[in-house]
file coords_38.cif (mmCIF, C-alpha atoms and all ligand atoms)
data_target
loop_
_atom_site.label_atom_id
_atom_site.label_comp_id
_atom_site.auth_asym_id
_atom_site.auth_seq_id
_atom_site.Cartn_x
_atom_site.Cartn_y
_atom_site.Cartn_z
CA MET U 21 108.17 -96.67 -2.46
CA THR U 22 108.95 -100.39 -2.13
CA ARG U 23 112.59 -101.20 -1.58
CA VAL U 24 114.01 -103.89 -3.84
CA ALA U 25 117.30 -105.78 -4.10
CA VAL U 26 118.93 -107.36 -7.15
CA VAL U 27 121.03 -110.39 -6.20
CA GLY U 28 123.41 -111.08 -9.08
CA ALA U 29 123.29 -107.53 -10.46
CA THR U 30 126.47 -107.92 -12.54
CA GLY U 31 125.02 -110.59 -14.83
CA TYR U 32 123.11 -109.78 -17.99
CA ALA U 33 119.71 -110.51 -16.45
CA GLY U 34 120.66 -108.62 -13.27
CA VAL U 35 121.88 -105.52 -15.06
CA GLU U 36 118.70 -105.52 -17.16
CA LEU U 37 116.74 -105.54 -13.89
CA VAL U 38 118.78 -102.55 -12.75
CA ARG U 39 117.97 -100.72 -16.02
CA LEU U 40 114.25 -101.24 -15.48
CA LEU U 41 114.16 -100.69 -11.71
CA VAL U 42 116.08 -97.39 -11.58
CA ARG U 43 113.27 -95.81 -13.60
CA HIS U 44 110.39 -97.67 -11.93
CA PRO U 45 107.93 -95.21 -10.32
CA GLU U 46 107.12 -97.37 -7.26
CA ALA U 47 110.26 -99.45 -6.71
CA GLU U 48 113.39 -98.08 -5.11
CA LEU U 49 116.57 -100.00 -5.89
CA ALA U 50 118.14 -100.36 -2.44
CA LEU U 51 120.76 -103.09 -2.79
CA VAL U 52 122.77 -104.78 -5.55
CA THR U 53 124.93 -107.85 -4.98
CA SER U 54 127.71 -109.71 -6.70
CA ASP U 55 130.03 -112.55 -5.77
CA SER U 56 133.32 -111.64 -7.48
CA HIS U 57 132.79 -107.83 -7.69
CA ALA U 58 131.67 -107.14 -4.09
CA GLY U 59 133.01 -103.78 -2.86
CA ILE U 60 133.19 -102.30 -6.37
CA GLN U 61 130.70 -99.82 -7.83
CA LEU U 62 128.23 -101.31 -10.30
CA SER U 63 129.08 -98.44 -12.66
CA ARG U 64 132.73 -99.57 -12.65
CA VAL U 65 131.62 -102.96 -13.93
CA TYR U 66 129.11 -101.36 -16.32
CA PRO U 67 130.31 -97.83 -17.19
CA HIS U 68 127.10 -97.13 -19.16
CA LEU U 69 125.44 -96.84 -15.72
CA THR U 70 127.72 -94.00 -14.57
CA GLY U 71 125.60 -91.37 -12.85
CA ILE U 72 122.56 -93.63 -13.20
CA ALA U 73 123.31 -96.55 -10.86
CA ASP U 74 126.53 -95.92 -8.92
CA PHE U 75 125.66 -98.37 -6.14
CA GLU U 76 128.41 -100.27 -4.36
CA LEU U 77 128.03 -104.00 -4.94
CA GLN U 78 127.62 -106.05 -1.78
CA ALA U 79 128.32 -109.72 -1.08
CA PHE U 80 125.10 -111.70 -0.60
CA ASP U 81 124.01 -111.71 3.05
CA PRO U 82 120.36 -112.58 3.78
CA ASP U 83 120.26 -110.36 6.91
CA ARG U 84 121.48 -107.40 4.89
CA VAL U 85 118.95 -108.06 2.12
CA ALA U 86 116.15 -108.28 4.71
CA GLU U 87 117.28 -105.02 6.35
CA GLU U 88 117.46 -103.12 3.06
CA ALA U 89 114.65 -104.53 0.96
CA ASN U 90 111.11 -105.91 0.95
CA VAL U 91 111.49 -107.71 -2.36
CA ALA U 92 114.56 -109.49 -3.77
CA PHE U 93 115.14 -110.45 -7.40
CA LEU U 94 117.59 -113.34 -7.77
CA ALA U 95 119.47 -113.55 -11.08
CA LEU U 96 122.04 -116.26 -10.35
CA PRO U 97 123.46 -119.35 -12.05
CA ALA U 98 121.16 -122.37 -11.67
CA GLY U 99 121.42 -124.17 -8.34
CA LEU U 100 122.32 -121.18 -6.14
CA SER U 101 118.84 -119.89 -5.40
CA SER U 102 117.80 -123.30 -4.02
CA THR U 103 119.67 -122.44 -0.82
CA MET U 104 119.37 -118.64 -0.92
CA VAL U 105 115.60 -118.47 -1.34
CA PRO U 106 114.75 -120.21 1.98
CA SER U 107 117.11 -117.86 3.86
CA LEU U 108 115.27 -114.86 2.42
CA ARG U 109 111.77 -116.29 2.88
CA GLU U 110 112.53 -117.00 6.57
CA ARG U 111 113.31 -113.31 6.96
CA GLY U 112 110.04 -112.21 5.37
CA VAL U 113 111.53 -111.02 2.07
CA ARG U 114 109.38 -111.50 -1.01
CA VAL U 115 111.30 -113.23 -3.79
CA ILE U 116 111.24 -113.25 -7.58
CA ASP U 117 113.73 -115.86 -8.76
CA LEU U 118 114.89 -115.72 -12.39
CA GLY U 119 116.73 -119.05 -12.33
CA GLY U 120 115.55 -122.54 -13.18
CA ASP U 121 115.55 -124.04 -9.65
CA PHE U 122 111.88 -123.63 -8.81
CA ARG U 123 110.21 -123.84 -12.22
CA ILE U 124 109.85 -127.63 -12.34
CA PRO U 125 109.52 -130.41 -9.74
CA GLY U 126 112.74 -131.47 -8.00
CA PRO U 127 113.22 -134.83 -9.78
CA LEU U 128 112.98 -133.12 -13.19
CA PHE U 129 115.41 -130.39 -12.05
CA ARG U 130 117.91 -133.04 -10.93
CA GLU U 131 117.56 -134.98 -14.19
CA TRP U 132 117.89 -132.04 -16.59
CA TYR U 133 120.09 -129.57 -14.66
CA LYS U 134 122.28 -132.26 -13.01
CA LYS U 135 122.11 -130.32 -9.74
CA ASP U 136 120.53 -130.86 -6.35
CA PRO U 137 116.99 -129.49 -6.35
CA PRO U 138 115.53 -127.29 -3.61
CA SER U 139 113.30 -128.87 -0.98
CA GLU U 140 109.96 -129.77 -2.55
CA ALA U 141 108.10 -127.96 0.26
CA VAL U 142 109.76 -124.65 -0.68
CA ARG U 143 109.36 -125.34 -4.39
CA GLU U 144 105.65 -125.84 -3.94
CA GLU U 145 105.39 -122.33 -2.51
CA ALA U 146 106.70 -120.89 -5.78
CA VAL U 147 104.17 -119.48 -8.22
CA TYR U 148 105.21 -119.87 -11.87
CA GLY U 149 105.38 -116.35 -13.23
CA LEU U 150 104.08 -116.72 -16.77
CA THR U 151 102.01 -113.65 -16.04
CA GLU U 152 99.48 -113.85 -18.88
CA TRP U 153 98.47 -117.39 -17.89
CA ASN U 154 98.86 -117.25 -14.12
CA ARG U 155 97.97 -113.68 -13.16
CA GLU U 156 95.58 -114.54 -10.33
CA ARG U 157 98.14 -116.69 -8.52
CA VAL U 158 100.96 -114.18 -9.07
CA ALA U 159 98.75 -111.48 -7.54
CA GLY U 160 98.62 -113.26 -4.19
CA ALA U 161 102.18 -114.54 -4.24
CA SER U 162 105.14 -113.75 -2.06
CA PHE U 163 107.46 -116.01 -4.08
CA VAL U 164 107.49 -116.10 -7.88
CA SER U 165 109.58 -118.38 -10.07
CA ASN U 166 110.14 -116.46 -13.29
CA PRO U 167 109.94 -118.55 -16.49
CA GLY U 168 112.94 -119.35 -18.65
CA CYS U 169 113.55 -117.38 -21.81
CA TYR U 170 112.77 -120.12 -24.35
CA PRO U 171 109.75 -121.39 -22.36
CA THR U 172 108.30 -117.86 -22.28
CA ALA U 173 108.33 -117.59 -26.07
CA ALA U 174 107.23 -121.20 -26.63
CA LEU U 175 104.41 -121.21 -24.07
CA LEU U 176 102.95 -117.85 -25.11
CA GLY U 177 103.02 -119.01 -28.74
CA LEU U 178 101.45 -122.42 -28.15
CA LEU U 179 99.10 -122.18 -25.18
CA PRO U 180 96.03 -120.73 -26.94
CA ALA U 181 96.05 -123.71 -29.36
CA VAL U 182 96.90 -126.34 -26.72
CA ARG U 183 94.39 -125.05 -24.17
CA ASN U 184 91.63 -125.06 -26.80
CA ARG U 185 92.56 -128.61 -27.93
CA GLY U 186 93.36 -127.28 -31.40
CA VAL U 187 96.69 -129.09 -31.76
CA GLU U 188 98.06 -132.36 -30.42
CA ALA U 189 100.17 -131.49 -27.42
CA ASP U 190 102.00 -134.81 -27.69
CA GLY U 191 104.43 -134.44 -30.56
CA LEU U 192 104.83 -130.67 -30.83
CA ILE U 193 108.01 -129.51 -32.52
CA ILE U 194 109.62 -126.37 -31.14
CA ASP U 195 112.51 -124.90 -33.05
CA ALA U 196 114.13 -121.99 -31.20
CA LYS U 197 116.94 -119.51 -31.83
CA SER U 198 118.59 -117.18 -29.34
CA GLY U 199 121.12 -114.38 -29.28
CA VAL U 200 124.25 -114.90 -27.19
CA THR U 201 123.19 -112.86 -24.13
CA GLY U 202 120.93 -115.83 -23.33
CA ALA U 203 124.05 -117.64 -22.17
CA GLY U 204 124.96 -114.96 -19.61
CA ARG U 205 128.10 -112.84 -19.27
CA GLY U 206 130.45 -115.61 -18.22
CA VAL U 207 133.35 -116.30 -20.56
CA ASN U 208 132.66 -119.38 -22.64
CA LEU U 209 134.38 -120.47 -25.83
CA GLY U 210 131.04 -121.27 -27.47
CA ASN U 211 130.07 -117.59 -27.21
CA HIS U 212 133.40 -116.17 -28.38
CA PHE U 213 132.90 -113.69 -31.25
CA ALA U 214 134.98 -115.72 -33.70
CA GLU U 215 132.96 -118.85 -32.94
CA VAL U 216 129.56 -117.18 -33.21
CA ALA U 217 129.94 -114.56 -35.96
CA GLU U 218 129.16 -115.82 -39.49
CA ASN U 219 127.97 -119.03 -37.87
CA PHE U 220 124.76 -120.76 -36.83
CA LYS U 221 124.47 -123.92 -34.77
CA ALA U 222 122.08 -126.15 -32.87
CA TYR U 223 123.08 -127.01 -29.30
CA LYS U 224 122.01 -129.24 -26.40
CA VAL U 225 119.91 -131.16 -28.95
CA ALA U 226 117.37 -133.43 -27.21
CA GLU U 227 118.87 -132.50 -23.83
CA HIS U 228 118.11 -128.82 -23.33
CA GLN U 229 117.10 -128.05 -19.72
CA HIS U 230 114.12 -125.96 -20.87
CA THR U 231 112.42 -129.02 -22.43
CA PRO U 232 110.81 -130.26 -19.17
CA GLU U 233 109.78 -126.71 -18.24
CA ILE U 234 107.94 -126.32 -21.55
CA GLU U 235 106.28 -129.74 -21.23
CA TYR U 236 105.35 -129.30 -17.57
CA HIS U 237 103.67 -125.92 -18.02
CA LEU U 238 102.08 -126.73 -21.40
CA ALA U 239 100.43 -129.64 -19.58
CA ALA U 240 99.47 -127.56 -16.53
CA PHE U 241 98.02 -124.51 -18.31
CA GLY U 242 96.84 -126.57 -21.29
CA GLN U 243 95.05 -129.00 -18.95
CA GLY U 244 96.42 -132.21 -20.49
CA SER U 245 99.77 -133.83 -21.14
CA ALA U 246 102.51 -132.65 -23.48
CA ARG U 247 105.59 -134.08 -25.18
CA VAL U 248 107.78 -131.82 -27.28
CA SER U 249 110.90 -132.00 -29.40
CA PHE U 250 112.74 -128.79 -28.53
CA THR U 251 115.89 -127.66 -30.31
CA ALA U 252 117.82 -124.53 -29.39
CA HIS U 253 120.10 -122.68 -31.82
CA LEU U 254 122.61 -119.89 -31.30
CA LEU U 255 122.40 -116.80 -33.48
CA PRO U 256 125.18 -114.27 -34.09
CA MET U 257 123.32 -111.43 -32.39
CA GLY U 258 123.13 -109.99 -28.87
CA ARG U 259 119.48 -110.06 -27.85
CA GLY U 260 116.40 -111.83 -29.08
CA ILE U 261 114.66 -115.18 -29.32
CA LEU U 262 112.58 -116.46 -32.21
CA VAL U 263 110.58 -119.67 -31.76
CA THR U 264 108.93 -121.55 -34.62
CA ALA U 265 106.52 -124.21 -33.37
CA TYR U 266 104.69 -126.85 -35.40
CA GLY U 267 101.58 -128.66 -34.17
CA THR U 268 99.25 -131.19 -35.81
CA LEU U 269 95.71 -129.85 -35.91
CA THR U 270 93.06 -131.92 -34.14
CA GLY U 271 89.26 -132.12 -33.94
CA GLU U 272 87.33 -129.34 -35.60
CA TRP U 273 90.51 -127.27 -35.97
CA ARG U 274 91.48 -129.60 -38.85
CA GLU U 275 88.88 -127.76 -40.92
CA TRP U 276 89.66 -124.29 -39.65
CA THR U 277 91.17 -121.45 -41.66
CA THR U 278 94.07 -119.33 -40.49
CA GLU U 279 91.58 -116.50 -39.82
CA ARG U 280 89.51 -118.70 -37.48
CA VAL U 281 92.59 -119.77 -35.50
CA TRP U 282 93.80 -116.18 -35.46
CA GLU U 283 90.53 -115.19 -33.75
CA VAL U 284 91.19 -117.72 -30.95
CA TYR U 285 94.63 -116.14 -30.42
CA GLN U 286 93.13 -112.66 -30.48
CA ASP U 287 90.57 -113.70 -27.86
CA ALA U 288 93.35 -115.11 -25.68
CA TYR U 289 95.53 -112.02 -25.87
CA ARG U 290 93.28 -109.05 -26.79
CA GLN U 291 93.46 -107.61 -23.26
CA GLU U 292 97.15 -108.33 -22.81
CA PRO U 293 99.37 -105.26 -22.86
CA PHE U 294 102.51 -107.20 -23.80
CA VAL U 295 101.31 -109.74 -26.37
CA ARG U 296 100.62 -108.68 -29.93
CA VAL U 297 99.05 -111.17 -32.31
CA ARG U 298 100.10 -110.07 -35.76
CA PRO U 299 97.64 -109.99 -38.65
CA ALA U 300 97.64 -113.18 -40.75
CA GLY U 301 100.57 -113.22 -43.12
CA GLN U 302 102.73 -110.92 -40.99
CA TRP U 303 105.73 -112.61 -39.36
CA PRO U 304 107.31 -111.02 -36.28
CA GLN U 305 111.04 -110.28 -36.16
CA THR U 306 113.28 -110.09 -33.10
CA LYS U 307 114.18 -106.46 -33.71
CA GLU U 308 110.50 -105.50 -33.54
CA VAL U 309 110.44 -106.27 -29.79
CA ARG U 310 114.04 -105.39 -28.91
CA GLY U 311 114.44 -103.71 -25.52
CA THR U 312 110.75 -104.24 -24.63
CA ASN U 313 108.57 -106.61 -22.65
CA LEU U 314 106.58 -107.51 -25.78
CA CYS U 315 105.95 -110.95 -27.22
CA ASP U 316 104.81 -110.83 -30.84
CA ILE U 317 103.10 -113.81 -32.43
CA GLY U 318 102.40 -114.77 -36.06
CA LEU U 319 100.60 -117.92 -37.16
CA THR U 320 99.22 -119.85 -40.09
CA VAL U 321 97.34 -123.05 -40.85
CA GLU U 322 99.22 -125.20 -43.35
CA ARG U 323 96.41 -127.04 -45.05
CA ARG U 324 98.69 -129.42 -47.04
CA THR U 325 100.19 -130.97 -43.88
CA GLY U 326 97.30 -130.47 -41.45
CA ARG U 327 99.60 -128.48 -39.20
CA MET U 328 99.62 -125.08 -37.59
CA ILE U 329 102.83 -123.04 -37.56
CA VAL U 330 103.34 -120.38 -34.87
CA VAL U 331 106.23 -117.91 -34.72
CA SER U 332 106.84 -115.97 -31.51
CA VAL U 333 109.55 -113.45 -30.69
CA ILE U 334 110.75 -111.87 -27.45
CA ASP U 335 113.76 -110.00 -26.14
CA ASN U 336 115.34 -112.73 -23.97
CA LEU U 337 116.59 -110.21 -21.40
CA VAL U 338 113.27 -108.36 -21.08
CA LYS U 339 110.16 -110.54 -21.58
CA GLY U 340 112.43 -113.59 -21.25
CA ALA U 341 113.90 -112.42 -17.92
CA ALA U 342 114.00 -108.97 -16.25
CA GLY U 343 110.91 -107.43 -17.87
CA GLN U 344 108.65 -110.35 -17.04
CA ALA U 345 110.09 -110.28 -13.49
CA VAL U 346 109.12 -106.60 -13.15
CA GLN U 347 105.71 -107.40 -14.67
CA ASN U 348 105.33 -110.01 -11.90
CA LEU U 349 106.46 -107.49 -9.27
CA ASN U 350 103.75 -105.11 -10.51
CA VAL U 351 101.09 -107.82 -10.29
CA MET U 352 102.29 -109.00 -6.85
CA MET U 353 102.16 -105.46 -5.49
CA GLY U 354 98.82 -104.57 -7.08
CA TRP U 355 100.41 -101.83 -9.24
CA PRO U 356 99.46 -101.26 -12.89
CA GLU U 357 100.97 -104.17 -14.77
CA THR U 358 102.76 -102.01 -17.33
CA MET U 359 104.39 -99.73 -14.73
CA GLY U 360 108.04 -99.15 -15.62
CA LEU U 361 107.63 -101.30 -18.72
CA ASP U 362 106.06 -98.86 -21.14
CA LEU U 363 108.92 -99.28 -23.60
CA VAL U 364 109.00 -98.71 -27.35
CA PRO U 365 111.05 -101.21 -29.42
CA MET U 366 114.50 -99.98 -30.40
CA TYR U 367 114.31 -100.16 -34.21
CA PRO U 368 116.30 -100.46 -36.41
N1 LIG Z 1 120.45 -114.24 -19.90
C1 LIG Z 1 119.19 -114.51 -20.18
O1 LIG Z 1 118.69 -114.24 -21.29
C2 LIG Z 1 118.30 -115.14 -19.16
C3 LIG Z 1 118.75 -115.52 -17.91
N2 LIG Z 1 117.88 -116.10 -17.03
C4 LIG Z 1 118.32 -116.55 -15.73
O2 LIG Z 1 118.88 -115.52 -14.95
C5 LIG Z 1 119.93 -116.07 -14.15
C6 LIG Z 1 121.18 -115.24 -14.40
O3 LIG Z 1 121.51 -115.36 -15.78
P1 LIG Z 1 122.54 -114.39 -16.51
O4 LIG Z 1 122.35 -113.00 -16.03
O5 LIG Z 1 122.41 -114.69 -17.93
O6 LIG Z 1 123.93 -114.97 -15.91
P2 LIG Z 1 125.32 -114.25 -15.73
O7 LIG Z 1 126.31 -115.34 -15.74
O8 LIG Z 1 125.46 -113.15 -16.72
O9 LIG Z 1 125.23 -113.62 -14.25
C7 LIG Z 1 125.31 -114.39 -13.08
C8 LIG Z 1 125.24 -113.48 -11.85
O10 LIG Z 1 125.33 -114.32 -10.68
C9 LIG Z 1 126.38 -113.84 -9.84
N3 LIG Z 1 127.01 -114.98 -9.17
C10 LIG Z 1 127.71 -115.99 -9.76
N4 LIG Z 1 128.11 -116.87 -8.83
C11 LIG Z 1 127.66 -116.42 -7.65
C12 LIG Z 1 127.76 -116.91 -6.30
N5 LIG Z 1 128.41 -118.04 -6.00
N6 LIG Z 1 127.15 -116.19 -5.32
C13 LIG Z 1 126.49 -115.05 -5.60
N7 LIG Z 1 126.38 -114.52 -6.85
C14 LIG Z 1 126.95 -115.22 -7.86
C15 LIG Z 1 127.34 -113.15 -10.79
O11 LIG Z 1 128.07 -112.20 -10.05
P3 LIG Z 1 129.67 -111.93 -10.22
O12 LIG Z 1 130.06 -112.52 -11.55
O13 LIG Z 1 129.79 -110.46 -10.14
O14 LIG Z 1 130.28 -112.63 -9.08
C16 LIG Z 1 126.37 -112.49 -11.76
O15 LIG Z 1 125.88 -111.29 -11.19
C17 LIG Z 1 120.11 -117.55 -14.56
O16 LIG Z 1 119.47 -118.36 -13.64
C18 LIG Z 1 119.39 -117.61 -15.88
O17 LIG Z 1 118.76 -118.82 -16.05
C19 LIG Z 1 116.58 -116.32 -17.33
C20 LIG Z 1 116.08 -115.97 -18.53
C21 LIG Z 1 116.91 -115.36 -19.56
C1 LIG Z 2 121.90 -118.85 -25.68
C2 LIG Z 2 121.95 -119.71 -24.45
O1 LIG Z 2 122.94 -120.39 -24.19
N1 LIG Z 2 120.88 -119.68 -23.66
C3 LIG Z 2 120.81 -120.45 -22.44
C4 LIG Z 2 119.59 -120.03 -21.67
C5 LIG Z 2 119.59 -120.72 -20.32
C6 LIG Z 2 119.08 -119.99 -19.16
O2 LIG Z 2 118.64 -118.87 -19.21
O3 LIG Z 2 119.22 -120.67 -17.99
P1 LIG Z 2 118.09 -121.40 -17.14
O4 LIG Z 2 118.11 -122.83 -17.55
O5 LIG Z 2 118.51 -121.23 -15.75
O6 LIG Z 2 116.78 -120.76 -17.48
C7 LIG Z 2 120.77 -121.96 -22.74
O7 LIG Z 2 120.30 -122.34 -23.81
O8 LIG Z 2 121.15 -122.74 -21.85
#
call {"tool": "encode", "arguments": {"input": "coords_38.cif", "output": "structure tokens"}}
result
Amino acid sequence: MTRVAVVGATGYAGVELVRLLVRHPEAELALVTSDSHAGIQLSRVYPHLTGIADFELQAFDPDRVAEEANVAFLALPAGLSSTMVPSLRERGVRVIDLGGDFRIPGPLFREWYKKDPPSEAVREEAVYGLTEWNRERVAGASFVSNPGCYPTAALLGLLPAVRNRGVEADGLIIDAKSGVTGAGRGVNLGNHFAEVAENFKAYKVAEHQHTPEIEYHLAAFGQGSARVSFTAHLLPMGRGILVTAYGTLTGEWREWTTERVWEVYQDAYRQEPFVRVRPAGQWPQTKEVRGTNLCDIGLTVERRTGRMIVVSVIDNLVKGAAGQAVQNLNVMMGWPETMGLDLVPMYP
């Protein structure tokens, strides 16, 4: 068994990691940490874990993490892992960081997150954990930077077309909707029931911090440059993200049918255990992936406008956070990629 720690176990991403790790056949959950709940049992904070994960929460201490665990998952507010990661790496702990600190170069992090970035030398050690597109590098990694929730859905939906030069990567439009757990467990008026229920709103328009992450990795994996208009919206539901992306067809793709484009997507994802390309005309829904590490994709060519429309859905806490992090753990450790993630969607 490999001993693992969850740093920030009381947050929504952290507690989802706990859910997956307590049933993982090769990982043993050895340590859970919290800032404001240190000394209290995790099952006091989350009574649904009574008898399942009654660990006492510890304050973060890198020596303690290194004593107890070989791998640490960090699920902390942006900016904290920039200082914590080096202290763990120095002690030989492998790290999977779920925050935004290491996903983009420092100057972009400073500009969009308005926080001090980590040192560029440490950031360059981080392997971006979009598993389906970076599996070989994740396999040899000791430090993985897990993608953001919106970027996961957007990149998986768009990369087959961008990589194959089927759509113009400059000028993509990405329209995204999330459930409220995407904002974490912290109390925030914008996520108050009375503000969210029977309501629907766009937020952080033209200034969402996931915009540079989407552009940077579309360019890197797509082997070109990318400019996107990304708009996030808040839905009155707990879990789930649905992304609708619009791209102008280029080159020979301008003449292609939906079926031809669909074949390119099938080729890209046929071997992937967690990506399902839906038959033409079938549009994925958030509930169809709820509680799982799946990303479902539907697409069409819109002949009238010369555009392609792609819809992708994930569970933000699983494929968008904890599930993809466990998928990366499996790849890092050389275990079967689906280990501990063989989950059936909770429907209805
Ligand atoms: N929610 C989501 O859908 C997704 C989240 N993520 C990422 O995961 C990370 C966590 O997000 P989420 O779970 O939503 O956030 P939450 O606000 O729900 O949780 C934050 C966690 O960090 C801990 N924490 C806060 N401040 C400190 C501190 N100073 N020192 C140590 N621990 C601290 C909290 O512990 P306590 O309150 O007990 O002190 C809590 O466990 C973020 O970086 C986010 O970007 C990524 C993809 C999706
Ligand atoms: C619904 C909601 O508010 N979602 C959050 C998701 C952010 C997140 O997960 O933070 P990172 O930037 O560290 O990835 C948001 O849009 O800001």
call {"tool": "residues_near_ligand", "arguments": {"input": "coords_38.cif", "ligand": "ligand LIG 2 (chain Z)", "cutoff": "7 Å", "atoms": "all atoms listed in the file", "output": "list in words"}}
result
Pro97, Ala98, Gly119, Gly120, Gly168, Cys169, Ser198, Gly199, Val200, Thr201, Gly202, Ala203, His228, Gln229, His230, Ala252 and Leu254 of chain U
call {"tool": "residues_near_ligand", "arguments": {"input": "coords_38.cif", "ligand": "ligand LIG 1 (chain Z)", "cutoff": "9 Å", "atoms": "only C-alpha atoms and all ligand atoms", "output": "short mmCIF file (atom, residue, chain, number, x, y, z; two decimals) with C-alpha atoms, in the frame of the given file"}}
result
data_model
loop_
_atom_site.label_atom_id
_atom_site.label_comp_id
_atom_site.auth_asym_id
_atom_site.auth_seq_id
_atom_site.Cartn_x
_atom_site.Cartn_y
_atom_site.Cartn_z
CA VAL U 26 118.93 -107.36 -7.15
CA VAL U 27 121.03 -110.39 -6.20
CA GLY U 28 123.41 -111.08 -9.08
CA ALA U 29 123.29 -107.53 -10.46
CA THR U 30 126.47 -107.92 -12.54
CA GLY U 31 125.02 -110.59 -14.83
CA TYR U 32 123.11 -109.78 -17.99
CA ALA U 33 119.71 -110.51 -16.45
CA GLY U 34 120.66 -108.62 -13.27
CA VAL U 35 121.88 -105.52 -15.06
CA GLU U 36 118.70 -105.52 -17.16
CA THR U 53 124.93 -107.85 -4.98
CA SER U 54 127.71 -109.71 -6.70
CA ASP U 55 130.03 -112.55 -5.77
CA SER U 56 133.32 -111.64 -7.48
CA HIS U 57 132.79 -107.83 -7.69
CA ALA U 58 131.67 -107.14 -4.09
CA VAL U 65 131.62 -102.96 -13.93
CA LEU U 77 128.03 -104.00 -4.94
CA ALA U 79 128.32 -109.72 -1.08
CA PHE U 80 125.10 -111.70 -0.60
CA LEU U 94 117.59 -113.34 -7.77
CA ALA U 95 119.47 -113.55 -11.08
CA LEU U 96 122.04 -116.26 -10.35
CA PRO U 97 123.46 -119.35 -12.05
CA ALA U 98 121.16 -122.37 -11.67
CA GLY U 99 121.42 -124.17 -8.34
CA LEU U 100 122.32 -121.18 -6.14
CA SER U 101 118.84 -119.89 -5.40
CA ASP U 117 113.73 -115.86 -8.76
CA LEU U 118 114.89 -115.72 -12.39
CA GLY U 119 116.73 -119.05 -12.33
CA GLY U 120 115.55 -122.54 -13.18
CA ASP U 121 115.55 -124.04 -9.65
CA ASN U 166 110.14 -116.46 -13.29
CA PRO U 167 109.94 -118.55 -16.49
CA GLY U 168 112.94 -119.35 -18.65
CA CYS U 169 113.55 -117.38 -21.81
CA TYR U 170 112.77 -120.12 -24.35
CA THR U 172 108.30 -117.86 -22.28
CA SER U 198 118.59 -117.18 -29.34
CA GLY U 199 121.12 -114.38 -29.28
CA VAL U 200 124.25 -114.90 -27.19
CA THR U 201 123.19 -112.86 -24.13
CA GLY U 202 120.93 -115.83 -23.33
CA ALA U 203 124.05 -117.64 -22.17
CA GLY U 204 124.96 -114.96 -19.61
CA ARG U 205 128.10 -112.84 -19.27
CA GLY U 206 130.45 -115.61 -18.22
CA VAL U 207 133.35 -116.30 -20.56
CA ARG U 259 119.48 -110.06 -27.85
CA GLY U 260 116.40 -111.83 -29.08
CA ASP U 335 113.76 -110.00 -26.14
CA ASN U 336 115.34 -112.73 -23.97
CA LEU U 337 116.59 -110.21 -21.40
CA VAL U 338 113.27 -108.36 -21.08
CA LYS U 339 110.16 -110.54 -21.58
CA GLY U 340 112.43 -113.59 -21.25
CA ALA U 341 113.90 -112.42 -17.92
CA ALA U 342 114.00 -108.97 -16.25
#
call {"tool": "atom_distance", "arguments": {"input": "coords_38.cif", "atom1": "CA of Leu238 in chain U", "atom2": "CA of Pro180 in chain U"}}
result
10.2 Å
call {"tool": "atom_distance", "arguments": {"input": "coords_38.cif", "atom1": "CA of Gln243 in chain U", "atom2": "CA of Val105 in chain U"}}
result
29.0 Å
call {"tool": "axis_aligned_box", "arguments": {"input": "coords_38.cif", "around": "range 42-60 of chain U", "padding_each_side": "6 Å", "output": "AutoDock Vina command-line options"}}
result
--center_x 120.2 --center_y -103.9 --center_z -8.0 --size_x 38.2 --size_y 29.3 --size_z 23.2
call {"tool": "closest_residue", "arguments": {"input": "coords_38.cif", "among": "U:Thr70, U:Ser107, U:Gln78, U:Gln344", "to": "Leu37 in chain U", "atoms": "only C-alpha atoms"}}
result
U:Gln344
call {"tool": "residues_around", "arguments": {"input": "coords_38.cif", "residues": "Arg157 in chain U", "least_positions_apart": "5", "cutoff": "12 Å", "atoms": "all atoms listed in the file", "output": "list in words"}}
result
Glu145, Ala146, Val147, Tyr148, Gly149, Leu150, Thr151, Glu152, Ser162, Phe163, Val164, Ser165, Asn348, Val351 and Met352 of chain U
call {"tool": "atom_distance", "arguments": {"input": "coords_38.cif", "atom1": "CA of Ala92 in chain U", "atom2": "CA of Leu41 in chain U"}}
result
11.9 Å
call {"tool": "closest_residue", "arguments": {"input": "coords_38.cif", "among": "U:Leu176, U:His237, U:Val346, U:Lys197", "to": "Gly318 in chain U", "atoms": "all atoms listed in the file"}}
result
U:Leu176
call {"tool": "closest_residue", "arguments": {"input": "coords_38.cif", "among": "U:Arg298, U:Arg324, U:Arg143, U:Arg185", "to": "Phe129 in chain U", "atoms": "all atoms listed in the file"}}
result
U:Arg143
call {"tool": "residues_around", "arguments": {"input": "coords_38.cif", "residues": "Tyr289 in chain U", "least_positions_apart": "2", "cutoff": "12 Å", "atoms": "all atoms listed in the file", "output": "VMD selection string"}}
result
chain U and resid 151 to 153 176 to 177 179 to 180 282 to 287 291 to 298 314 to 317
call {"tool": "closest_residue", "arguments": {"input": "coords_38.cif", "among": "U:Leu361, U:Met366, U:Met328, U:Val333", "to": "Leu40 in chain U", "atoms": "all atoms listed in the file"}}
result
U:Leu361
call {"tool": "residues_around", "arguments": {"input": "coords_38.cif", "residues": "Leu192 in chain U", "least_positions_apart": "2", "cutoff": "8 Å", "atoms": "all atoms listed in the file", "output": "JSON, numbers by chain"}}
result
{"U": [188, 189, 190, 194, 246, 247, 248, 249, 265, 266, 267, 268]}
call {"tool": "closest_residue", "arguments": {"input": "coords_38.cif", "among": "U:Val364, U:Met359, U:Ala240, U:Val263", "to": "Ala47 in chain U", "atoms": "all atoms listed in the file"}}
result
U:Met359
call {"tool": "closest_residue", "arguments": {"input": "coords_38.cif", "among": "U:Leu363, U:Ile329, U:Leu209, U:Ala73", "to": "Gly343 in chain U", "atoms": "only C-alpha atoms"}}
result
U:Leu363
